[in-house]
Structure formats: structure tokens, C-alpha cells
Amino acid sequence: MKKNKKMLIIISIIILIPFLLFFIFQAAVCFVPIFDLSKTGWKPCRIDYKTYEKEAEKNDFYSTVDNTTNLNDITINYVPLEKVEIEPIKSTHRTSVVPRSFFWEDYKGYKVFLRYNNNCFYCVVPVVFESGNNGYIFNFYKGIAENIDNGAFIEPDVLAYIDSWPSVKHLNKTMFLPVVNGVTTFDTIKKIDPATYLYDNKDGTSSSFHRFFDGTAMCIEYEQKGNKFLVTFHALVKDTINCADILLPIDLKLIK
């Protein structure tokens with residue numbers, strides 16, 4: 001009988017322990033002081049994009065954007081071609097050289113314009129191409145931000161290179177109809193597109209890309225035969241970005 005009574009007491013204690021702990025916790029909470037988190041520097045996460053946009057305009061990149069100067073209205077100071085970052089539009093054809101971010105120091109002494117349109121930065125660089133023709137290289141960048149406030153990006157710390165478009169004139173697909181694999185040379189392609197730039201691929205071949213205004217591009221591959229580069233392959237490909245949709249009207253007129 002005594003044994004059963006002892007077991008009943010033990011079971012009752014086990015059952016009551018959770019309830020006792022609960023009441024102890026509640027009592028403790030009542031005596032915990034309430035801290036003013038604002039005094040610690042903590043801020044709640046607010047999604048206020050208008051505020052972010054205003055703050056973004058204060059940083060160096062936004063403050064140096066010029067969307068109004070027309071290069072047809074000023075005296076152009078051409079940048080040497082070797083100073084300009086150019087990389088192919090298809091990632092499979094990229095060289096081993098990693099494209100640099102945008103730095104004003106790279107263009108010190110030259111009139112180069114940074115634009116911003118359709119959520120993309122781009123730089124307008126006047127150059128003289130190997131063909132001898134005057135033209136432009138449009139380098140495109142995305143703002144990468146490391147500074148975060150209230151859970152959202154405020155401003156880009158770096159303008160990361162994403163693409164380039166060397167251009168002298170408005171191209172159309174019919175211009176490339178005479179191209180024949182194994183026959184057409186790189187010199188002929190330069191006559192079709194005076195802004196042609198030859199990219200060295202990792203596999204020893206070379207490529208050139210020729211953009212159109214509809215979001216497509218002509219991809220041409222070459223192999224060196226003696227002192228000439230012969231076309232070995234050409235095809236119409238989808239452009240990684242439609243540059244014509246990013247360029248402002250004053251810049252589109254430069255190449256039309």
C-alpha cells in the first residue's frame with residue numbers, strides 16, 4: 001500500500017513540473033525591464049524606395065551621370081583603342097582576362113560620358129577603330145552595392161562590367177548574306193562592319209560579334225590560315241542584352 005502511495009506522489013510531481021516551470025517563466029518575464037532599442041542604434045527594416053532613390057543620387061556615380069550632352073555638339077577627344085575595356089557578348093567566348101569595373105581614372109584627360117537608363121549604367125567612349133573609322137564603344141555596367149541600410153541597397157560601390165558594343169554605323173542582317181565559311185576573310189568583315197573587333201578565344205580561335213537593333217547579333221568565328229583569318233562559322237544569336245533598348249536617343253543617333 002505504501003509502495004503504491006509513493007509511486008503516486010512521484011507521478012504527480014512529474015506531471016506538475018511543466019506547470020511549475022511555466023509559472024516561473026511568466027513571473028520572470030514580468031520583471032524583465034523593457035529596453036529602448038532605438039538607443040542602441042537598431043532600426044526597423046523599412047521599405048522606402050523613394051528615400052533610397054534620393055540617397056542614391058548623392059553618390060559619386062549618380063552625381064557624375066550626364067544624360068544630356070550630345071557628342072555631336074562637342075569637340076570629341078578620341079580615346080586610344082587599347083585603353084578601352086572590350087569583351088565579347090557571349091560568355092562562352094570570353095577570354096581569360098576578367099573585365100575591369102568602371103573607373104574614371106582610366107579615362108583621365110578624355111571626354112567620356114557616363115549615362116544611366118533603364119536601370120543600367122553605360123559609358124560612351126569615342127575611339128578610332130583599327131579600320132581607321134571614327135566610332136564609339138558603349139560599355140555597359142551594373143551597380144553592385146555593399147552598403148546596406150534598412151535592408152535595401154542605397155548606392156552602388158562598384159560599377160561591374162557586363163557587356164560592350166563597338167559601333168560605327170547601324171548594321172542590318174542583309175549585310176552579312178555574302179559571308180561564306182572557309183572563303184570570307186576577316187578583312188572583308190571589317191569592310192561590312194568598320195567597328196569589327198577581333199576577340200581571342202581560349203581555344204586558339206578568334207571571334208567577332210556584330211549587334212543589330214532588334215536584340216540579336218551575328219557571331220563569327222575565325223581560324224588563322226597563313227597571314228589571314230578565315231571565317232569558319234557564322235550564325236545569328238540572341239543578344240545577351242538588347243543594347244538598343246538601353247542607349248538614350250542622343251546616343252542611338254550617333255550610329256544611325
# chains A, B, ... in the order shown; residues from 1 in each chain; ligands from 1

call {"tool": "select_by_dssp", "arguments": {"residues": "stretch 59-239 of chain A", "states": "strand (DSSP E or B)", "output": "ChimeraX atom specification"}}
result
/A:65,79,113-117,120-128,134-144,148-149,152-153,158-167,185,199-200,206-211,216-225,228-238

call {"tool": "residues_around", "arguments": {"residues": "A:Cys243", "least_positions_apart": "5", "cutoff": "8 Å", "atoms": "only C-alpha atoms", "output": "list in words"}}
result
Trp165, Phe213 and Gly215 of chain A

call {"tool": "write_last_selection", "arguments": {"atoms": "C-alpha atoms", "output": "mmCIF file, in the first residue's frame"}}
result
data_model
loop_
_atom_site.group_PDB
_atom_site.id
_atom_site.type_symbol
_atom_site.label_atom_id
_atom_site.label_comp_id
_atom_site.auth_asym_id
_atom_site.auth_seq_id
_atom_site.Cartn_x
_atom_site.Cartn_y
_atom_site.Cartn_z
ATOM 1 C CA TRP A 165 29.155 47.346 -78.078
ATOM 2 C CA PHE A 213 18.878 46.853 -83.109
ATOM 3 C CA GLY A 215 18.218 42.169 -79.738
#

call {"tool": "residues_around", "arguments": {"residues": "A:Met218", "least_positions_apart": "4", "cutoff": "8 Å", "atoms": "only C-alpha atoms", "output": "PyMOL selection string"}}
result
chain A and resi 173+209-211+234-237

call {"tool": "closest_atom_pairs", "arguments": {"of": "stretch 146-250 of chain A", "to": "stretch 66-70 of chain A", "cutoff": "10 Å", "atoms": "only C-alpha atoms", "output": "Markdown table"}}
result
| residue | atom | partner | partner_atom | distance |
| --- | --- | --- | --- | --- |
| A:Leu248 | CA | A:Asn67 | CA | 7.7 |
| A:Pro249 | CA | A:Asn70 | CA | 9.7 |
| A:Ile250 | CA | A:Asn70 | CA | 6.0 |

call {"tool": "write_last_selection", "arguments": {"atoms": "N, CA and C atoms", "output": "compact mmCIF listing (two decimals), in the first residue's frame"}}
result
# COMPACT_ATOMS: atom_id res chain seq x y z
N LEU A 248 20.33 55.88 -74.88
CA LEU A 248 19.45 57.04 -75.00
C LEU A 248 19.35 57.46 -76.47
N PRO A 249 18.27 58.15 -76.84
CA PRO A 249 18.11 58.57 -78.25
C PRO A 249 19.30 59.36 -78.78
N ILE A 250 19.93 60.20 -77.94
CA ILE A 250 21.06 61.00 -78.43
C ILE A 250 22.25 60.12 -78.78

call {"tool": "residues_around", "arguments": {"residues": "stretch 73-86 of chain A", "least_positions_apart": "2", "cutoff": "10 Å", "atoms": "only C-alpha atoms", "output": "PyMOL selection string"}}
result
chain A and resi 69-71+88-89+98-102+106-112+125-130+134-139+161+163-166+197+199

call {"tool": "write_last_selection", "arguments": {"atoms": "C-alpha atoms", "output": "mmCIF file, in the first residue's frame"}}
result
data_model
loop_
_atom_site.group_PDB
_atom_site.id
_atom_site.type_symbol
_atom_site.label_atom_id
_atom_site.label_comp_id
_atom_site.auth_asym_id
_atom_site.auth_seq_id
_atom_site.Cartn_x
_atom_site.Cartn_y
_atom_site.Cartn_z
ATOM 1 C CA THR A 69 25.319 66.098 -73.596
ATOM 2 C CA ASN A 70 25.158 65.160 -77.259
ATOM 3 C CA LEU A 71 28.536 64.105 -78.614
ATOM 4 C CA PRO A 88 32.625 39.586 -76.196
ATOM 5 C CA ILE A 89 28.875 39.441 -75.660
ATOM 6 C CA VAL A 98 38.466 39.412 -66.297
ATOM 7 C CA PRO A 99 36.832 42.708 -67.374
ATOM 8 C CA ARG A 100 37.525 45.641 -65.100
ATOM 9 C CA SER A 101 34.957 47.688 -63.261
ATOM 10 C CA PHE A 102 34.358 51.297 -64.271
ATOM 11 C CA ASP A 106 41.032 55.103 -66.708
ATOM 12 C CA TYR A 107 39.799 57.996 -68.873
ATOM 13 C CA LYS A 108 41.666 60.865 -67.264
ATOM 14 C CA GLY A 109 42.249 63.592 -69.836
ATOM 15 C CA TYR A 110 39.475 62.396 -72.172
ATOM 16 C CA LYS A 111 35.835 63.398 -72.587
ATOM 17 C CA VAL A 112 33.971 60.245 -71.650
ATOM 18 C CA VAL A 125 33.810 56.192 -75.340
ATOM 19 C CA PRO A 126 34.796 57.820 -78.687
ATOM 20 C CA VAL A 127 37.520 55.778 -80.401
ATOM 21 C CA VAL A 128 39.256 55.276 -83.736
ATOM 22 C CA PHE A 129 38.933 51.637 -84.761
ATOM 23 C CA GLU A 130 41.597 49.533 -86.495
ATOM 24 C CA ASN A 134 35.763 57.010 -86.041
ATOM 25 C CA GLY A 135 33.156 55.407 -83.812
ATOM 26 C CA TYR A 136 32.126 54.590 -80.279
ATOM 27 C CA ILE A 137 32.378 51.841 -77.734
ATOM 28 C CA PHE A 138 29.441 51.596 -75.370
ATOM 29 C CA ASN A 139 30.421 49.750 -72.219
ATOM 30 C CA TYR A 161 31.264 45.483 -66.405
ATOM 31 C CA ASP A 163 28.998 43.969 -71.857
ATOM 32 C CA SER A 164 30.298 46.193 -74.658
ATOM 33 C CA TRP A 165 29.155 47.346 -78.078
ATOM 34 C CA PRO A 166 31.766 48.686 -80.535
ATOM 35 C CA TYR A 197 36.895 43.901 -83.080
ATOM 36 C CA TYR A 199 38.450 38.613 -79.756
#

call {"tool": "residues_around", "arguments": {"residues": "A:Asp214", "least_positions_apart": "2", "cutoff": "10 Å", "atoms": "only C-alpha atoms", "output": "list in words"}}
result
Asn172, Arg211, Phe212, Thr216, Ala217, Lys238, Asp239, Asn242, Cys243, Ala244 and Asp245 of chain A

call {"tool": "write_last_selection", "arguments": {"atoms": "C-alpha atoms", "output": "CSV table (one decimal), in the first residue's frame"}}
result
chain,number,residue,atom,x,y,z
A,172,ASN,CA,21.4,45.1,-90.7
A,211,ARG,CA,24.9,43.8,-83.0
A,212,PHE,CA,21.6,44.7,-84.5
A,216,THR,CA,20.2,39.8,-82.0
A,217,ALA,CA,23.8,39.7,-83.1
A,238,LYS,CA,20.3,36.1,-79.3
A,239,ASP,CA,22.0,39.1,-77.7
A,242,ASN,CA,19.4,44.5,-76.1
A,243,CYS,CA,21.7,47.5,-76.1
A,244,ALA,CA,19.4,49.5,-78.4
A,245,ASP,CA,16.9,49.5,-75.6

call {"tool": "closest_residue", "arguments": {"among": "A:Glu105, A:Leu254, A:Thr240, A:Asp203", "to": "A:Phe140", "atoms": "only C-alpha atoms"}}
result
A:Thr240

call {"tool": "residues_around", "arguments": {"residues": "A:Ile144", "least_positions_apart": "3", "cutoff": "7 Å", "atoms": "only C-alpha atoms", "output": "ChimeraX atom specification"}}
result
/A:156-160
